Amino acid sequence: VSPVSLVPSLPIVAGLAVAIVVGKCAGTLVALRLTGVSWRIAATAALALAQVGEFSFVLGRQAVAQGTIAPGAWQLLLGASVLTMMATPW
């Protein structure tokens, strides 16, 4: 990630990071509640799984190499991924 190139796009990167966390939390929470898990445990698990994992970096590089994702879009997604990782303490 080139921090200098992300500074002008910081609102977009932050918005993507929020969308990722909210989307993953909502999906995990719904899935766990449908299996009968309590609200407390479902919410805890949803927050624990909200960040983007390192494997996404491998997938993203492959997508750029194959032309599926534009390099500029990948930089934004990469920045958002790093923000989600920095926001979670575990």
# chains A, B, ... in the order shown; residues from 1 in each chain; ligands from 1
>>> select_by_dssp(residues="range 15-86 of chain A", states="alpha helix (DSSP H)", output="PyMOL selection string")
chain A and resi 15-34+39-48+55-65+71-86
>>> atom_distance(atom1="CA of Leu77 in chain A", atom2="CA of Leu49 in chain A")
17.5 Å
>>> closest_residue(among="A:Val7, A:Val82, A:Ala26, A:Val13", to="Phe57 in chain A", atoms="only C-alpha atoms")
A:Val82
>>> atom_distance(atom1="CA of Thr35 in chain A", atom2="CA of Val21 in chain A")
21.2 Å
>>> closest_residue(among="A:Thr88, A:Leu10, A:Trp74, A:Ala45", to="Leu59 in chain A", atoms="only C-alpha atoms")
A:Trp74
>>> residues_around(residues="Gly53 in chain A", least_positions_apart="6", cutoff="10 Å", atoms="only C-alpha atoms", output="mmCIF file with all heavy atoms, in the first residue's frame")
data_model
loop_
_atom_site.group_PDB
_atom_site.id
_atom_site.type_symbol
_atom_site.label_atom_id
_atom_site.label_comp_id
_atom_site.auth_asym_id
_atom_site.auth_seq_id
_atom_site.Cartn_x
_atom_site.Cartn_y
_atom_site.Cartn_z
ATOM 1 N N SER A 81 -8.616 -2.853 3.454
ATOM 2 C CA SER A 81 -8.278 -4.109 4.142
ATOM 3 C C SER A 81 -7.298 -3.856 5.284
ATOM 4 O O SER A 81 -7.454 -4.392 6.385
ATOM 5 C CB SER A 81 -7.660 -5.103 3.159
ATOM 6 O OG SER A 81 -8.552 -5.413 2.134
ATOM 7 N N VAL A 82 -6.298 -3.042 5.017
ATOM 8 C CA VAL A 82 -5.309 -2.722 6.058
ATOM 9 C C VAL A 82 -5.978 -1.976 7.207
ATOM 10 O O VAL A 82 -5.688 -2.246 8.378
ATOM 11 C CB VAL A 82 -4.132 -1.927 5.455
ATOM 12 C CG1 VAL A 82 -3.233 -1.367 6.533
ATOM 13 C CG2 VAL A 82 -3.332 -2.798 4.495
ATOM 14 N N THR A 84 -9.073 -2.278 8.230
ATOM 15 C CA THR A 84 -9.843 -3.224 9.041
ATOM 16 C C THR A 84 -8.929 -4.059 9.921
ATOM 17 O O THR A 84 -9.296 -4.401 11.046
ATOM 18 C CB THR A 84 -10.726 -4.154 8.183
ATOM 19 O OG1 THR A 84 -9.919 -5.027 7.412
ATOM 20 C CG2 THR A 84 -11.674 -3.367 7.299
ATOM 21 N N MET A 85 -7.758 -4.385 9.412
ATOM 22 C CA MET A 85 -6.807 -5.166 10.230
ATOM 23 C C MET A 85 -6.264 -4.319 11.381
ATOM 24 O O MET A 85 -6.060 -4.833 12.486
ATOM 25 C CB MET A 85 -5.665 -5.681 9.365
ATOM 26 C CG MET A 85 -6.111 -6.687 8.339
ATOM 27 S SD MET A 85 -4.790 -7.080 7.217
ATOM 28 C CE MET A 85 -4.526 -8.775 7.692
#
>>> atom_distance(atom1="CA of Gln66 in chain A", atom2="CA of Glu54 in chain A")
19.4 Å
>>> residues_around(residues="Val30 in chain A", least_positions_apart="5", cutoff="12 Å", atoms="only C-alpha atoms", output="ChimeraX atom specification")
/A:23-25,35-39,41-43,45-46
>>> closest_residue(among="A:Ala80, A:Val52, A:Ala31, A:Ala73", to="Pro11 in chain A", atoms="only C-alpha atoms")
A:Ala80
